[in-house]
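Enquirer: Dropping in entry.txt, with compact mmCIF, C-alpha atoms.
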# COMPACT_ATOMS: atom_id res chain seq x y z
CA ALA A 1 2.26 5.40 -7.52
CA GLN A 2 3.70 2.42 -5.76
CA SER A 3 2.59 -1.16 -6.28
CA VAL A 4 3.55 -4.70 -5.35
CA THR A 5 3.31 -7.92 -7.29
CA GLN A 6 3.24 -11.28 -5.59
CA LEU A 7 4.15 -14.11 -7.92
CA GLY A 8 2.11 -17.22 -7.25
CA SER A 9 -1.29 -17.00 -5.60
CA HIS A 10 -0.78 -20.49 -4.19
CA VAL A 11 2.45 -22.11 -3.01
CA SER A 12 2.78 -25.61 -1.58
CA VAL A 13 5.87 -26.88 0.20
CA SER A 14 6.62 -30.00 2.19
CA GLU A 15 7.09 -29.76 5.92
CA GLY A 16 10.76 -29.07 6.58
CA ALA A 17 11.40 -27.65 3.11
CA LEU A 18 12.42 -24.10 2.22
CA VAL A 19 9.65 -21.53 1.98
CA LEU A 20 10.08 -18.83 -0.68
CA LEU A 21 7.33 -16.30 -1.31
CA ARG A 22 8.05 -13.72 -3.97
CA CYS A 23 7.32 -10.01 -3.89
CA ASN A 24 8.38 -7.35 -6.38
CA TYR A 25 7.65 -3.70 -5.87
CA SER A 26 7.39 -0.64 -7.99
CA SER A 27 8.08 2.73 -6.46
CA SER A 28 9.52 6.01 -7.62
CA VAL A 29 11.47 6.38 -4.40
CA PRO A 30 13.03 3.82 -2.07
CA PRO A 31 10.07 2.31 -0.30
CA TYR A 32 9.26 0.88 3.07
CA LEU A 33 8.19 -2.75 2.64
CA PHE A 34 6.16 -5.06 4.84
CA TRP A 35 5.14 -8.69 5.01
CA TYR A 36 1.91 -9.54 6.81
CA VAL A 37 0.46 -12.98 7.54
CA GLN A 38 -3.22 -13.81 7.84
CA TYR A 39 -4.15 -17.03 9.61
CA PRO A 40 -7.62 -18.45 8.99
CA ASN A 41 -10.34 -16.32 10.56
CA GLN A 42 -7.81 -13.94 12.06
CA GLY A 43 -6.61 -10.44 11.30
CA LEU A 44 -3.37 -9.57 9.59
CA GLN A 45 -0.25 -9.82 11.69
CA LEU A 46 3.04 -8.11 10.88
CA LEU A 47 5.84 -10.57 10.11
CA LEU A 48 8.58 -8.06 9.36
CA LYS A 49 9.29 -4.71 7.77
CA TYR A 50 12.08 -3.04 5.86
CA THR A 51 12.77 0.58 6.72
CA SER A 52 16.25 0.94 5.19
CA ALA A 53 18.22 0.14 8.33
CA ALA A 54 19.43 -3.22 6.96
CA THR A 55 18.70 -5.06 3.75
CA LEU A 56 18.23 -8.43 5.46
CA VAL A 57 15.31 -8.25 7.82
CA LYS A 58 14.45 -10.91 10.36
CA GLY A 59 10.90 -11.32 11.53
CA ILE A 60 8.82 -13.50 13.76
CA ASN A 61 8.41 -17.26 13.47
CA GLY A 62 11.75 -17.72 11.73
CA PHE A 63 10.90 -15.71 8.63
CA GLU A 64 13.23 -13.26 6.98
CA ALA A 65 13.26 -11.14 3.84
CA GLU A 66 15.96 -9.46 1.85
CA PHE A 67 15.57 -6.10 0.14
CA LYS A 68 17.28 -6.10 -3.25
CA LYS A 69 17.11 -2.73 -4.91
CA SER A 70 18.64 -3.93 -8.18
CA GLU A 71 15.90 -6.53 -8.51
CA THR A 72 13.14 -4.42 -6.89
CA SER A 73 12.37 -7.47 -4.80
CA PHE A 74 11.56 -8.26 -1.20
CA HIS A 75 11.13 -12.04 -1.13
CA LEU A 76 10.12 -13.81 2.07
CA THR A 77 11.94 -16.97 3.12
CA LYS A 78 12.03 -19.52 5.89
CA PRO A 79 14.59 -22.34 5.92
CA SER A 80 12.28 -25.06 7.21
CA ALA A 81 8.49 -25.00 6.85
CA HIS A 82 6.27 -25.95 9.76
CA MET A 83 2.65 -26.99 9.59
CA SER A 84 1.71 -23.87 11.55
CA ASP A 85 3.03 -21.69 8.71
CA ALA A 86 -0.02 -22.50 6.58
CA ALA A 87 -1.67 -19.12 6.04
CA GLU A 88 -2.04 -16.31 3.54
CA TYR A 89 0.87 -13.92 3.17
CA PHE A 90 0.67 -10.35 1.94
CA CYS A 91 3.47 -8.09 0.80
CA ALA A 92 2.84 -4.36 1.15
CA VAL A 93 4.61 -1.12 0.30
CA SER A 94 4.42 2.31 1.85
CA ASP A 95 5.56 5.22 -0.23
CA ARG A 96 7.86 7.68 1.44
CA GLY A 97 5.98 10.55 -0.14
CA PHE A 98 4.85 13.09 2.36
CA GLY A 99 1.27 12.58 3.40
CA ASN A 100 1.01 9.22 1.77
CA GLU A 101 0.06 7.11 4.72
CA LYS A 102 -1.57 4.10 3.19
CA LEU A 103 -0.21 0.65 2.56
CA THR A 104 -0.56 -0.80 -0.91
CA PHE A 105 -0.93 -4.56 -0.75
CA GLY A 106 -0.25 -7.37 -3.15
CA THR A 107 -2.95 -9.89 -3.91
CA GLY A 108 -1.56 -12.41 -1.45
CA THR A 109 -0.01 -15.87 -1.57
CA ARG A 110 -1.70 -18.79 0.12
CA LEU A 111 0.90 -21.13 1.60
CA THR A 112 0.02 -24.79 2.04
CA ILE A 113 2.31 -27.13 3.98
CA ILE A 114 2.32 -30.77 2.91
CA PRO A 115 2.90 -33.23 5.77
CA GLY B 1 -3.33 -5.12 26.04
CA ALA B 2 -6.32 -5.50 23.79
CA GLY B 3 -5.88 -5.41 20.05
CA VAL B 4 -8.04 -3.81 17.41
CA SER B 5 -11.60 -5.03 17.60
CA GLN B 6 -14.33 -4.85 15.00
CA SER B 7 -18.03 -5.47 15.08
CA PRO B 8 -20.03 -7.17 13.88
CA SER B 9 -17.81 -10.04 12.81
CA ASN B 10 -20.32 -11.02 10.15
CA LYS B 11 -23.13 -9.07 8.53
CA VAL B 12 -25.65 -10.23 5.97
CA THR B 13 -27.87 -7.57 4.47
CA GLU B 14 -30.21 -7.05 1.59
CA LYS B 15 -29.31 -4.93 -1.40
CA GLY B 16 -30.31 -1.34 -0.83
CA LYS B 17 -30.03 -1.40 2.96
CA ASP B 18 -27.57 0.72 4.94
CA VAL B 19 -24.91 -0.89 7.12
CA GLU B 20 -22.60 0.40 9.84
CA LEU B 21 -19.30 -1.24 10.65
CA ARG B 22 -17.48 -0.41 13.86
CA CYS B 23 -13.80 -0.36 14.73
CA ASP B 24 -12.24 0.04 18.16
CA PRO B 25 -8.52 0.78 17.76
CA ILE B 26 -5.77 0.04 20.22
CA SER B 27 -5.91 2.55 23.04
CA GLY B 28 -3.59 5.49 22.41
CA HIS B 29 -3.25 4.90 18.69
CA THR B 30 -3.79 8.17 16.88
CA ALA B 31 -4.02 6.77 13.35
CA LEU B 32 -6.82 4.54 12.11
CA TYR B 33 -7.24 2.94 8.69
CA TRP B 34 -10.00 1.16 6.79
CA TYR B 35 -9.30 -1.39 4.07
CA ARG B 36 -11.49 -3.67 1.99
CA GLN B 37 -10.60 -7.21 0.98
CA ARG B 38 -12.63 -8.70 -1.78
CA LEU B 39 -12.58 -12.43 -2.38
CA GLY B 40 -9.34 -13.45 -4.08
CA GLN B 41 -7.93 -9.93 -4.05
CA GLY B 42 -5.49 -7.96 -2.00
CA LEU B 43 -6.39 -5.30 0.48
CA GLU B 44 -7.75 -2.08 -0.94
CA PHE B 45 -7.23 1.15 1.00
CA LEU B 46 -10.40 3.09 1.75
CA ILE B 47 -9.67 5.89 4.21
CA TYR B 48 -7.46 6.85 7.12
CA PHE B 49 -7.85 9.10 10.15
CA GLN B 50 -5.27 11.12 12.00
CA GLY B 51 -7.05 11.86 15.24
CA ASN B 52 -10.62 12.58 14.22
CA SER B 53 -9.70 14.04 10.85
CA ALA B 54 -9.59 12.14 7.57
CA PRO B 55 -6.83 13.68 5.40
CA ASP B 56 -7.09 10.98 2.76
CA LYS B 57 -10.46 9.78 1.54
CA SER B 58 -9.17 8.88 -1.88
CA GLY B 59 -9.95 5.20 -1.58
CA LEU B 60 -13.66 5.48 -0.87
CA PRO B 61 -15.29 3.75 -3.85
CA SER B 62 -18.32 6.01 -4.09
CA ASP B 63 -20.36 8.60 -2.23
CA ARG B 64 -22.34 5.74 -0.68
CA PHE B 65 -19.33 5.17 1.59
CA SER B 66 -18.56 7.42 4.53
CA ALA B 67 -16.61 7.14 7.73
CA GLU B 68 -16.21 9.07 10.92
CA ARG B 69 -14.13 8.88 14.04
CA THR B 70 -14.93 10.38 17.40
CA GLY B 71 -12.93 10.97 20.55
CA GLU B 72 -9.82 9.85 18.68
CA SER B 73 -11.10 6.38 19.30
CA VAL B 74 -13.99 4.50 17.76
CA SER B 75 -14.58 4.71 14.02
CA THR B 76 -17.67 3.83 12.03
CA LEU B 77 -17.71 2.98 8.35
CA THR B 78 -21.15 3.44 6.82
CA ILE B 79 -22.27 2.03 3.52
CA GLN B 80 -25.55 3.39 2.23
CA ARG B 81 -27.79 1.62 -0.26
CA THR B 82 -25.57 -1.44 -0.31
CA GLN B 83 -24.86 -3.20 -3.58
CA GLN B 84 -23.75 -6.76 -4.17
CA GLU B 85 -20.28 -5.57 -5.18
CA ASP B 86 -19.87 -4.21 -1.66
CA SER B 87 -19.59 -7.78 -0.39
CA ALA B 88 -16.13 -8.10 1.11
CA VAL B 89 -14.20 -8.27 4.35
CA TYR B 90 -13.72 -4.82 5.80
CA LEU B 91 -10.55 -4.51 7.83
CA CYS B 92 -9.62 -1.82 10.28
CA ALA B 93 -6.08 -1.09 11.44
CA SER B 94 -4.54 1.35 13.84
CA SER B 95 -1.04 2.65 14.44
CA LEU B 96 0.60 4.67 17.13
CA ALA B 97 1.12 7.55 14.73
CA THR B 98 0.98 8.21 11.06
CA GLY B 99 4.12 7.76 9.08
CA PHE B 100 5.28 5.49 6.33
CA SER B 101 7.26 3.20 8.58
CA GLU B 102 4.69 2.84 11.33
CA THR B 103 3.36 -0.64 11.90
CA GLN B 104 -0.36 -0.97 11.36
CA TYR B 105 -2.15 -3.41 13.65
CA PHE B 106 -5.17 -5.05 12.09
CA GLY B 107 -8.47 -6.19 13.53
CA PRO B 108 -10.13 -9.48 12.55
CA GLY B 109 -12.42 -7.79 10.05
CA THR B 110 -16.13 -7.63 9.35
CA ARG B 111 -17.35 -10.02 6.69
CA LEU B 112 -20.16 -8.29 4.76
CA LEU B 113 -22.45 -10.18 2.43
CA VAL B 114 -24.99 -8.25 0.39
CA LEU B 115 -27.74 -10.42 -1.02
What's the structure tokens form of this structure?
Expert:
Amino acid sequence: AQSVTQLGSHVSVSEGALVLLRCNYSSSVPPYLFWYVQYPNQGLQLLLKYTSAATLVKGINGFEAEFKKSETSFHLTKPSAHMSDAAEYFCAVSDRGFGNEKLTFGTGTRLTIIP
Amino acid sequence: GAGVSQSPSNKVTEKGKDVELRCDPISGHTALYWYRQRLGQGLEFLIYFQGNSAPDKSGLPSDRFSAERTGESVSTLTIQRTQQEDSAVYLCASSLATGFSETQYFGPGTRLLVL
């Protein structure tokens, strides 16, 4: 069964600094990987997804993530943090196994931006 | 167009009571998913529908939980004889089709508190 691990339940960065949110996956086959963001009192919104077309994936709001098979990682980055990036971020994996339709989520990382 | 909507947004109930949670997916989306998010934890898959059928009920925590979908549209998640451990945010998502690379669009959730 697939799983994801998000290192760091809370991350704080200064406005304008690099954002790095870590995600490692475990899967018996090459997975599809997703990053979702949850703003306060809102539903989850897709930031980006990896579906094997390219290892560097660009998403909305200036975020990107790189799939590294050798490290089983899919870390989320943004060069310069903005106050509006404060939210909770979830990494998720979808197994390519036939009939396995669900997403398996990590426990989330709460990002705080320091003015 | 309209996104996924859920009602009620908040529900407080007494232990032992039954509750019904409603999800209205995006029009035309054939797949519908239910997840649970307990405080401080990641999202936990409960069940998904393809059309009105539920091929995967593996995530339902107990036989007190049931779900149905009608008209390939609205879905209802029912929790019978609620327990305090059922307190969580219940999230619904829909996607255009099933498939491991399909983007799931999430509603804002129903926050359930069992006293």
Enquirer: Please check the contacts: residues of chain A at most 6 Å away from chain B, using only C-alpha atoms, listed as a list in words.
Expert: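 Using only C-alpha atoms, chain A residues at most 6 Å from chain B: Gln42, Gly43, Leu44, Ser94, Arg96, Glu101, Phe105, Gly106, Thr107 and Gly108 of chain A.
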Enquirer: Rounded to one decimal in Å, what is the spacing between atom CA of B:Ser73 and atom CA of B:Arg22?
Expert: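 Separation between atom CA of B:Ser73 and atom CA of B:Arg22: 10.8 Å.
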Enquirer: Looking at all atoms listed in the file, which of A:Ala54, A:Leu20, A:Val13, A:Val93 is the one that sits closest to A:Ile114?
Expert: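 Looking only at the distances to A:Ile114, the closest residue turns out to be A:Val13.
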Enquirer: Figure out the distance between atom CA of B:Ser87 and atom CA of B:Leu113, please, to one decimal in Å.
Expert: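 Between atom CA of B:Leu113 and atom CA of B:Ser87 the gap works out to 4.7 Å.
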Enquirer: Just the number, please: distance in Å from atom CA of A:Val11 to atom CA of A:Glu66, one decimal.
Expert: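 Taking atom CA of A:Val11 as the start and atom CA of A:Glu66 as the end point, the length is 19.1 Å.
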Enquirer: With all atoms of stretch 59-77 of chain A from the file as input, state the centre and edge lengths in Å to one decimal of the axis-aligned box that has 8 Å extra on each side, as lines of an AutoDock Vina configuration file.
Expert:
center_x = 13.5
center_y = -10.2
center_z = 2.6
size_x = 26.2
size_y = 31.0
size_z = 38.3
Enquirer: Between A:Thr109, A:Lys102, A:Gly59, A:Ser84, which residue has the minimum interatomic distance to A:Thr5, considering all atoms listed in the file?
Expert: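 Smallest separation from A:Thr5 among the options: A:Thr109.
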Enquirer: Could you check which of A:Ala17, A:Ile60, A:Leu7, A:Ile113 is closest to A:Ala87, using only C-alpha atoms?
Expert: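 The answer is A:Ile113, which sits nearest to A:Ala87.
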Enquirer: If you count only C-alpha atoms, which residues fall within 8 Å of stretch 78-86 of chain B, apart from same-chain ones fewer than 5 positions away, as a list in words?
Expert: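 So the residues in contact are Glu14, Lys15, Gly16, Lys17, Asp18, Val19, Glu20, Leu21, Arg64, Phe65, Ser66, Ala67, Leu112, Leu113, Val114 and Leu115 of chain B.
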